[in-house]
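Q: Data: upload_5.txt, compact mmCIF, C-alpha atoms.
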```txt
# COMPACT_ATOMS: atom_id res chain seq x y z
CA MET A 1 -31.94 82.38 -80.97
CA LEU A 2 -29.33 80.70 -83.18
CA ASN A 3 -29.98 77.81 -85.55
CA LEU A 4 -27.14 75.31 -85.58
CA GLU A 5 -26.79 72.69 -88.29
CA LYS A 6 -25.33 69.37 -87.27
CA SER A 7 -24.26 66.55 -89.57
CA THR A 8 -25.53 63.02 -88.95
CA GLU A 9 -24.63 60.12 -91.21
CA SER A 10 -22.84 61.97 -94.00
CA HIS A 11 -21.92 65.47 -95.11
CA LYS A 12 -25.07 65.59 -97.23
CA GLN A 13 -27.49 65.07 -94.36
CA TRP A 14 -28.05 67.76 -91.73
CA ASN A 15 -30.26 68.27 -88.74
CA GLN A 16 -31.26 71.75 -87.56
CA GLU A 17 -31.02 72.47 -83.85
CA SER A 18 -31.96 75.70 -82.07
CA ILE A 19 -30.26 77.17 -79.05
CA ILE A 20 -31.11 80.31 -77.10
CA VAL A 21 -28.11 82.53 -76.48
CA ARG A 22 -27.37 85.93 -75.01
CA VAL A 23 -25.54 88.44 -77.21
CA ILE A 24 -23.61 91.25 -75.50
CA GLU A 25 -21.80 94.00 -77.34
CA TYR A 26 -19.10 95.88 -75.47
CA GLN A 27 -16.04 98.03 -76.00
CA ILE A 28 -12.86 98.66 -74.07
CA PRO A 29 -11.19 102.03 -74.78
CA GLY A 30 -8.47 101.63 -77.38
CA PHE A 31 -10.03 98.51 -78.92
CA LEU A 32 -12.73 97.84 -81.50
CA PRO A 33 -16.24 96.91 -80.31
CA ARG A 34 -16.64 93.22 -79.50
CA ARG A 35 -19.58 90.84 -79.36
CA LEU A 36 -19.86 88.02 -76.82
CA VAL A 37 -22.27 85.16 -77.46
CA THR A 38 -23.02 82.92 -74.50
CA SER A 39 -25.53 80.26 -73.53
CA ILE A 40 -25.63 81.69 -69.98
CA ILE A 41 -28.96 83.51 -70.04
CA ASP A 42 -29.59 83.89 -66.30
CA PRO A 43 -31.00 87.46 -65.93
CA ASN A 44 -29.43 87.72 -62.45
CA ILE A 45 -25.98 87.71 -64.04
CA SER A 46 -25.22 91.15 -65.48
CA ALA A 47 -23.61 91.75 -68.85
CA LYS A 48 -20.58 93.26 -67.14
CA GLU A 49 -20.08 90.16 -64.98
CA LEU A 50 -20.10 87.93 -68.05
CA ILE A 51 -17.57 90.12 -69.85
CA ILE A 52 -15.22 90.21 -66.84
CA HIS A 53 -15.38 86.43 -66.42
CA TYR A 54 -14.83 85.93 -70.15
CA HIS A 55 -11.57 87.84 -69.92
CA CYS A 56 -10.60 85.87 -66.80
CA ARG A 57 -10.76 82.63 -68.76
CA TRP A 58 -7.41 83.44 -70.34
CA GLU A 59 -5.85 83.14 -66.88
CA VAL A 60 -5.83 79.39 -67.59
CA GLU A 61 -2.52 79.97 -69.40
CA ILE A 62 -0.98 80.71 -66.00
CA SER A 63 -2.29 77.36 -64.74
CA PHE A 64 -0.68 75.58 -67.69
CA CYS A 65 2.63 77.26 -66.84
CA GLU A 66 2.33 76.30 -63.16
CA ILE A 67 1.72 72.65 -64.05
CA LYS A 68 4.37 72.28 -66.76
CA THR A 69 7.12 74.56 -65.46
CA HIS A 70 6.85 74.26 -61.67
CA GLN A 71 4.81 71.24 -60.65
CA CYS A 72 5.94 68.62 -63.17
CA ALA A 73 9.14 69.77 -64.84
CA THR A 74 12.45 68.49 -63.47
CA LEU A 75 15.33 70.63 -62.20
CA LYS A 76 13.02 73.51 -61.27
CA GLY A 77 11.74 74.09 -64.78
CA GLN A 78 15.03 73.62 -66.63
CA MET A 79 13.69 70.56 -68.43
CA PRO A 80 10.23 70.00 -69.93
CA THR A 81 7.58 67.75 -68.44
CA ILE A 82 8.19 64.15 -69.51
CA PHE A 83 5.64 61.34 -69.51
CA ARG A 84 7.43 58.16 -68.44
CA SER A 85 4.74 55.68 -69.44
CA LYS A 86 5.03 53.64 -72.63
CA THR A 87 1.34 53.16 -73.47
CA SER A 88 -1.36 55.70 -74.25
CA GLU A 89 -3.53 54.46 -71.38
CA LEU A 90 -0.79 54.99 -68.80
CA VAL A 91 0.13 58.38 -70.26
CA GLU A 92 -3.50 59.38 -69.82
CA GLN A 93 -3.32 58.13 -66.24
CA GLU A 94 -0.21 60.26 -65.62
CA LEU A 95 -1.96 63.30 -67.04
CA TYR A 96 -4.97 62.84 -64.77
CA ALA A 97 -2.60 62.41 -61.80
CA MET A 98 -0.93 65.75 -62.67
CA LEU A 99 -4.28 67.53 -62.88
CA ILE A 100 -5.53 65.96 -59.62
CA ALA A 101 -2.34 66.98 -57.81
CA TYR A 102 -2.65 70.53 -59.18
CA ASN A 103 -6.26 70.87 -58.06
CA LEU A 104 -5.47 69.44 -54.61
CA LEU A 105 -2.76 72.08 -54.16
CA ARG A 106 -5.10 74.81 -55.39
CA ASP A 107 -7.69 73.56 -52.91
CA LEU A 108 -5.13 73.87 -50.10
CA ILE A 109 -4.42 77.45 -51.19
CA TYR A 110 -8.16 78.18 -51.17
CA GLN A 111 -8.57 76.64 -47.69
CA SER A 112 -5.68 78.74 -46.40
CA ALA A 113 -7.02 81.95 -47.97
CA ASN A 114 -10.52 81.29 -46.65
CA GLU A 115 -9.34 80.60 -43.11
CA TYR A 116 -6.89 83.49 -42.86
CA ASN A 117 -8.91 86.02 -44.87
CA LYS A 118 -6.53 86.26 -47.81
CA ASN A 119 -7.07 86.51 -51.55
CA PRO A 120 -6.23 83.06 -53.01
CA LEU A 121 -5.07 84.67 -56.26
CA LEU A 122 -2.40 86.58 -54.33
CA LEU A 123 -0.88 83.50 -52.67
CA SER A 124 2.18 82.07 -54.41
CA PHE A 125 1.63 78.73 -56.12
CA LEU A 126 5.37 78.03 -56.27
CA GLU A 127 5.95 78.67 -52.55
CA SER A 128 2.88 76.63 -51.63
CA LEU A 129 4.13 73.76 -53.79
CA GLN A 130 7.51 73.82 -52.05
CA LEU A 131 5.85 73.83 -48.63
CA VAL A 132 3.85 70.73 -49.54
CA ILE A 133 6.95 68.97 -50.92
CA ASP A 134 8.88 69.73 -47.71
CA LEU A 135 6.07 68.56 -45.46
CA VAL A 136 4.67 65.55 -47.33
CA GLN A 137 7.29 63.07 -46.09
CA LEU A 138 6.77 64.15 -42.49
CA ILE A 139 2.97 63.94 -42.73
CA SER A 140 3.05 60.49 -44.35
CA HIS A 141 4.61 59.02 -41.17
CA SER A 142 2.39 60.86 -38.69
CA SER A 143 -0.63 59.65 -36.78
CA LEU A 144 -4.10 60.81 -37.80
CA LYS A 145 -4.34 63.26 -34.89
CA LEU A 146 -0.91 64.70 -35.61
CA ARG A 147 -1.75 65.04 -39.31
CA GLU A 148 -4.63 67.36 -38.44
CA ILE A 149 -2.23 69.61 -36.52
CA GLN A 150 0.31 69.51 -39.35
CA HIS A 151 -2.40 70.27 -41.90
CA GLN A 152 -3.43 73.35 -39.93
CA TYR A 153 0.20 74.42 -39.66
CA LEU A 154 0.60 73.99 -43.43
CA LEU A 155 -2.40 76.25 -44.06
CA SER A 156 -0.89 78.93 -41.85
CA LEU A 157 2.40 78.76 -43.78
CA ILE A 158 0.61 78.96 -47.14
CA SER A 159 -1.30 82.03 -45.96
CA GLN A 160 2.04 83.80 -45.46
CA SER A 161 3.32 83.02 -48.97
CA GLU A 162 1.88 86.13 -50.58
CA ILE A 163 3.15 87.14 -54.02
CA ASP A 164 5.60 90.03 -53.67
CA ARG A 165 4.79 91.37 -57.15
CA PRO A 166 1.08 90.82 -57.85
CA ARG A 167 -0.19 91.27 -61.38
CA ARG A 168 -1.09 94.84 -62.25
CA LYS A 169 -4.11 96.11 -64.16
CA ARG A 170 -2.44 97.25 -67.34
CA ILE A 171 -2.37 96.89 -71.10
CA ASN A 172 0.54 96.98 -73.52
CA PRO A 173 0.58 98.80 -76.87
CA ARG A 174 -0.04 96.59 -79.91
CA VAL A 175 3.39 96.94 -81.53
CA VAL A 176 6.02 94.47 -82.68
CA LYS A 177 9.81 94.36 -82.71
CA ILE A 178 10.05 93.30 -86.35
CA LYS A 179 8.96 95.36 -89.34
CA MET A 180 7.06 92.73 -91.37
CA SER A 181 3.74 93.34 -89.65
CA LYS A 182 0.71 95.62 -89.90
CA PHE A 183 1.44 96.99 -86.42
CA LYS A 184 3.76 99.90 -85.70
CA ARG A 185 7.42 99.32 -84.91
CA LYS A 186 8.08 99.18 -81.17
CA ASN A 187 10.18 102.00 -79.73
CA SER A 188 10.95 103.69 -76.41
CA SER A 189 7.69 105.68 -76.48
CA HIS A 190 5.57 102.54 -76.20
CA LYS A 191 5.02 101.96 -72.49
CA SER A 192 2.52 99.93 -70.52
CA GLU A 193 -0.60 101.84 -69.47
CA ILE A 194 -2.73 101.41 -66.37
CA ARG A 195 -6.09 99.95 -67.38
CA ASP A 196 -8.97 98.97 -65.09
CA ILE A 197 -11.25 96.89 -67.31
CA GLU A 198 -14.05 96.81 -64.73
CA LYS A 199 -14.13 100.62 -64.64
CA ASP A 200 -13.53 101.36 -68.33
CA LEU A 201 -15.75 98.65 -69.81
CA LYS A 202 -18.72 99.96 -71.82
CA ILE A 203 -21.73 97.81 -72.63
CA LEU A 204 -23.01 98.82 -76.07
CA PRO A 205 -26.72 98.93 -76.98
CA PRO A 206 -27.93 95.95 -79.02
CA GLN A 207 -27.99 96.39 -82.77
CA ALA A 208 -30.47 95.03 -85.22
CA VAL A 209 -29.26 91.87 -86.96
```
How would this structure read if it were set down as structure tokens?

A:
Amino acid sequence: MLNLEKSTESHKQWNQESIIVRVIEYQIPGFLPRRLVTSIIDPNISAKELIIHYHCRWEVEISFCEIKTHQCATLKGQMPTIFRSKTSELVEQELYAMLIAYNLLRDLIYQSANEYNKNPLLLSFLESLQLVIDLVQLISHSSLKLREIQHQYLLSLISQSEIDRPRRKRINPRVVKIKMSKFKRKNSSHKSEIRDIEKDLKILPPQAV
């Protein structure tokens, strides 16, 4: 249990609040031991599952790239995403529209993967986006019955847009190209290594605090 102090009216007044958390210590070969603190205390969720999902959270950076570079940027990513609105309220509206459009496309990819027994993470976002762009004008002028047929056809096309170079399970040595750093200087001997985090992950026994 952790005790959190929260300010109220001023910096001199504090309220104490308690929260029950789960503390997991783990280590990945080649790295120092780590400690994960989470409010997810469901005993049916193993420590390993929580660690794996914690590392997956950084995949959100790929989503940011997909939105800014492919979905919203002009000239196929050659120019940055530009908000055209002049007021903060309309800029916020544009942002929500971008996020809604992204999630709708991701939902289409999930539908396609689910129906055709594919891994949604291995279907290309960029190709799926282009398929939707090519088909959206045609669908907008179709009858409701025809739209259902076109929607099914779109799912079949998305299921075929598999990534030709899926991400590999690997790590890179912690080195830098410049000398002014505590890390070693990068050279030809520093190569990527195959690393399966699910296999190599070690849950450490709890330590007395």

Q: Using all atoms listed in the file, pick whichever of A:Lys199, A:Leu36, A:Glu94, A:Asn172 has the shortest atom-to-atom distance to Lys186 (chain A).

A: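 Looking at the shortest contact to Lys186 (chain A), the residue is A:Asn172.
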
Q: Rounded to one decimal in Å, what is the spacing between CA of Ile109 (chain A) and CA of Glu49 (chain A)?

A: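 Separating CA of Ile109 (chain A) from CA of Glu49 (chain A) is a distance of 24.4 Å.
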
Q: Excluding region 114-126 of chain A and residues on its chain fewer than 6 positions from it, collect all residues at most 8 Å away from it, counting all atoms listed in the file, and give them as a list of chain:residue names.

A: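 Answer for this query is A:Glu66, A:His70, A:Arg106, A:Ser156, A:Ile158, A:Ser159, A:Gln160, A:Ser161, A:Glu162, A:Ile163, A:Pro166.
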
Q: For the atom pair CA of Leu155 (chain A) and CA of Tyr96 (chain A), what is the interatomic distance in Å to one decimal place?

A: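 The value is 24.8 Å.
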
Q: As an mmCIF file with C-alpha atoms, in the coordinates of the input, please: the residues near Lys48 (chain A) (cut-off 8 Å, only C-alpha atoms, same-chain neighbours under 4 positions excluded).

A:
```cif
data_model
loop_
_atom_site.group_PDB
_atom_site.id
_atom_site.type_symbol
_atom_site.label_atom_id
_atom_site.label_comp_id
_atom_site.auth_asym_id
_atom_site.auth_seq_id
_atom_site.Cartn_x
_atom_site.Cartn_y
_atom_site.Cartn_z
ATOM 1 C CA ILE A 52 -15.220 90.210 -66.840
ATOM 2 C CA GLU A 198 -14.050 96.810 -64.730
ATOM 3 C CA LEU A 201 -15.750 98.650 -69.810
ATOM 4 C CA ILE A 203 -21.730 97.810 -72.630
#
```

Q: Can you tell me, as JSON, numbers by chain, what residues are no more than 12 Å from Arg174 (chain A) when counting only C-alpha atoms, ignoring any on the same chain fewer than 2 positions away?

A: {"A": [30, 31, 171, 172, 176, 177, 181, 182, 183, 184, 185, 186, 187, 190, 191, 192, 193]}

Q: Those residues with C-alpha atoms, as a short mmCIF file (atom, residue, chain, number, x, y, z; two decimals), keeping the file's coordinate frame please?

A:
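For reference, again.cif as written:
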```cif
data_model
loop_
_atom_site.label_atom_id
_atom_site.label_comp_id
_atom_site.auth_asym_id
_atom_site.auth_seq_id
_atom_site.Cartn_x
_atom_site.Cartn_y
_atom_site.Cartn_z
CA GLY A 30 -8.47 101.63 -77.38
CA PHE A 31 -10.03 98.51 -78.92
CA ILE A 171 -2.37 96.89 -71.10
CA ASN A 172 0.54 96.98 -73.52
CA VAL A 176 6.02 94.47 -82.68
CA LYS A 177 9.81 94.36 -82.71
CA SER A 181 3.74 93.34 -89.65
CA LYS A 182 0.71 95.62 -89.90
CA PHE A 183 1.44 96.99 -86.42
CA LYS A 184 3.76 99.90 -85.70
CA ARG A 185 7.42 99.32 -84.91
CA LYS A 186 8.08 99.18 -81.17
CA ASN A 187 10.18 102.00 -79.73
CA HIS A 190 5.57 102.54 -76.20
CA LYS A 191 5.02 101.96 -72.49
CA SER A 192 2.52 99.93 -70.52
CA GLU A 193 -0.60 101.84 -69.47
#
```

Q: Return region 134-150 of chain A, completed with N, CA, C and O atoms, as an mmCIF file, in the coordinates of the input.

A:
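Result saved to rebuild_21.cif:
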```cif
data_model
loop_
_atom_site.group_PDB
_atom_site.id
_atom_site.type_symbol
_atom_site.label_atom_id
_atom_site.label_comp_id
_atom_site.auth_asym_id
_atom_site.auth_seq_id
_atom_site.Cartn_x
_atom_site.Cartn_y
_atom_site.Cartn_z
ATOM 1 N N ASP A 134 8.070 69.834 -48.937
ATOM 2 C CA ASP A 134 8.880 69.730 -47.710
ATOM 3 C C ASP A 134 8.143 68.986 -46.604
ATOM 4 O O ASP A 134 8.780 68.327 -45.771
ATOM 5 N N LEU A 135 6.829 69.092 -46.579
ATOM 6 C CA LEU A 135 6.070 68.560 -45.460
ATOM 7 C C LEU A 135 5.465 67.181 -45.722
ATOM 8 O O LEU A 135 5.093 66.478 -44.789
ATOM 9 N N VAL A 136 5.401 66.776 -46.990
ATOM 10 C CA VAL A 136 4.670 65.550 -47.330
ATOM 11 C C VAL A 136 5.314 64.308 -46.719
ATOM 12 O O VAL A 136 4.611 63.390 -46.267
ATOM 13 N N GLN A 137 6.637 64.239 -46.672
ATOM 14 C CA GLN A 137 7.290 63.070 -46.090
ATOM 15 C C GLN A 137 7.039 62.987 -44.588
ATOM 16 O O GLN A 137 6.848 61.899 -44.040
ATOM 17 N N LEU A 138 7.023 64.128 -43.932
ATOM 18 C CA LEU A 138 6.770 64.150 -42.490
ATOM 19 C C LEU A 138 5.339 63.734 -42.188
ATOM 20 O O LEU A 138 5.087 62.930 -41.282
ATOM 21 N N ILE A 139 4.383 64.255 -42.963
ATOM 22 C CA ILE A 139 2.970 63.940 -42.730
ATOM 23 C C ILE A 139 2.676 62.469 -42.986
ATOM 24 O O ILE A 139 1.870 61.848 -42.302
ATOM 25 N N SER A 140 3.333 61.887 -43.983
ATOM 26 C CA SER A 140 3.050 60.490 -44.350
ATOM 27 C C SER A 140 3.385 59.508 -43.236
ATOM 28 O O SER A 140 2.877 58.386 -43.224
ATOM 29 N N HIS A 141 4.235 59.896 -42.280
ATOM 30 C CA HIS A 141 4.610 59.020 -41.170
ATOM 31 C C HIS A 141 3.966 59.446 -39.849
ATOM 32 O O HIS A 141 4.331 58.947 -38.790
ATOM 33 N N SER A 142 3.014 60.347 -39.905
ATOM 34 C CA SER A 142 2.390 60.860 -38.690
ATOM 35 C C SER A 142 1.076 60.151 -38.406
ATOM 36 O O SER A 142 0.455 59.572 -39.300
ATOM 37 N N SER A 143 0.665 60.207 -37.167
ATOM 38 C CA SER A 143 -0.630 59.650 -36.780
ATOM 39 C C SER A 143 -1.743 60.556 -37.299
ATOM 40 O O SER A 143 -1.499 61.700 -37.701
ATOM 41 N N LEU A 144 -2.970 60.048 -37.278
ATOM 42 C CA LEU A 144 -4.100 60.810 -37.800
ATOM 43 C C LEU A 144 -4.292 62.119 -37.036
ATOM 44 O O LEU A 144 -4.543 63.167 -37.631
ATOM 45 N N LYS A 145 -4.165 62.055 -35.714
ATOM 46 C CA LYS A 145 -4.340 63.260 -34.890
ATOM 47 C C LYS A 145 -3.253 64.277 -35.189
ATOM 48 O O LYS A 145 -3.513 65.484 -35.274
ATOM 49 N N LEU A 146 -2.020 63.797 -35.339
ATOM 50 C CA LEU A 146 -0.910 64.700 -35.610
ATOM 51 C C LEU A 146 -1.025 65.292 -37.017
ATOM 52 O O LEU A 146 -0.646 66.446 -37.245
ATOM 53 N N ARG A 147 -1.579 64.528 -37.952
ATOM 54 C CA ARG A 147 -1.750 65.040 -39.310
ATOM 55 C C ARG A 147 -2.683 66.243 -39.334
ATOM 56 O O ARG A 147 -2.461 67.173 -40.106
ATOM 57 N N GLU A 148 -3.704 66.219 -38.500
ATOM 58 C CA GLU A 148 -4.630 67.360 -38.440
ATOM 59 C C GLU A 148 -3.905 68.616 -37.975
ATOM 60 O O GLU A 148 -4.139 69.703 -38.499
ATOM 61 N N ILE A 149 -3.008 68.459 -37.006
ATOM 62 C CA ILE A 149 -2.230 69.610 -36.520
ATOM 63 C C ILE A 149 -1.266 70.093 -37.597
ATOM 64 O O ILE A 149 -1.124 71.298 -37.842
ATOM 65 N N GLN A 150 -0.625 69.141 -38.280
ATOM 66 C CA GLN A 150 0.310 69.510 -39.350
ATOM 67 C C GLN A 150 -0.408 70.157 -40.527
ATOM 68 O O GLN A 150 0.120 71.075 -41.153
#
```
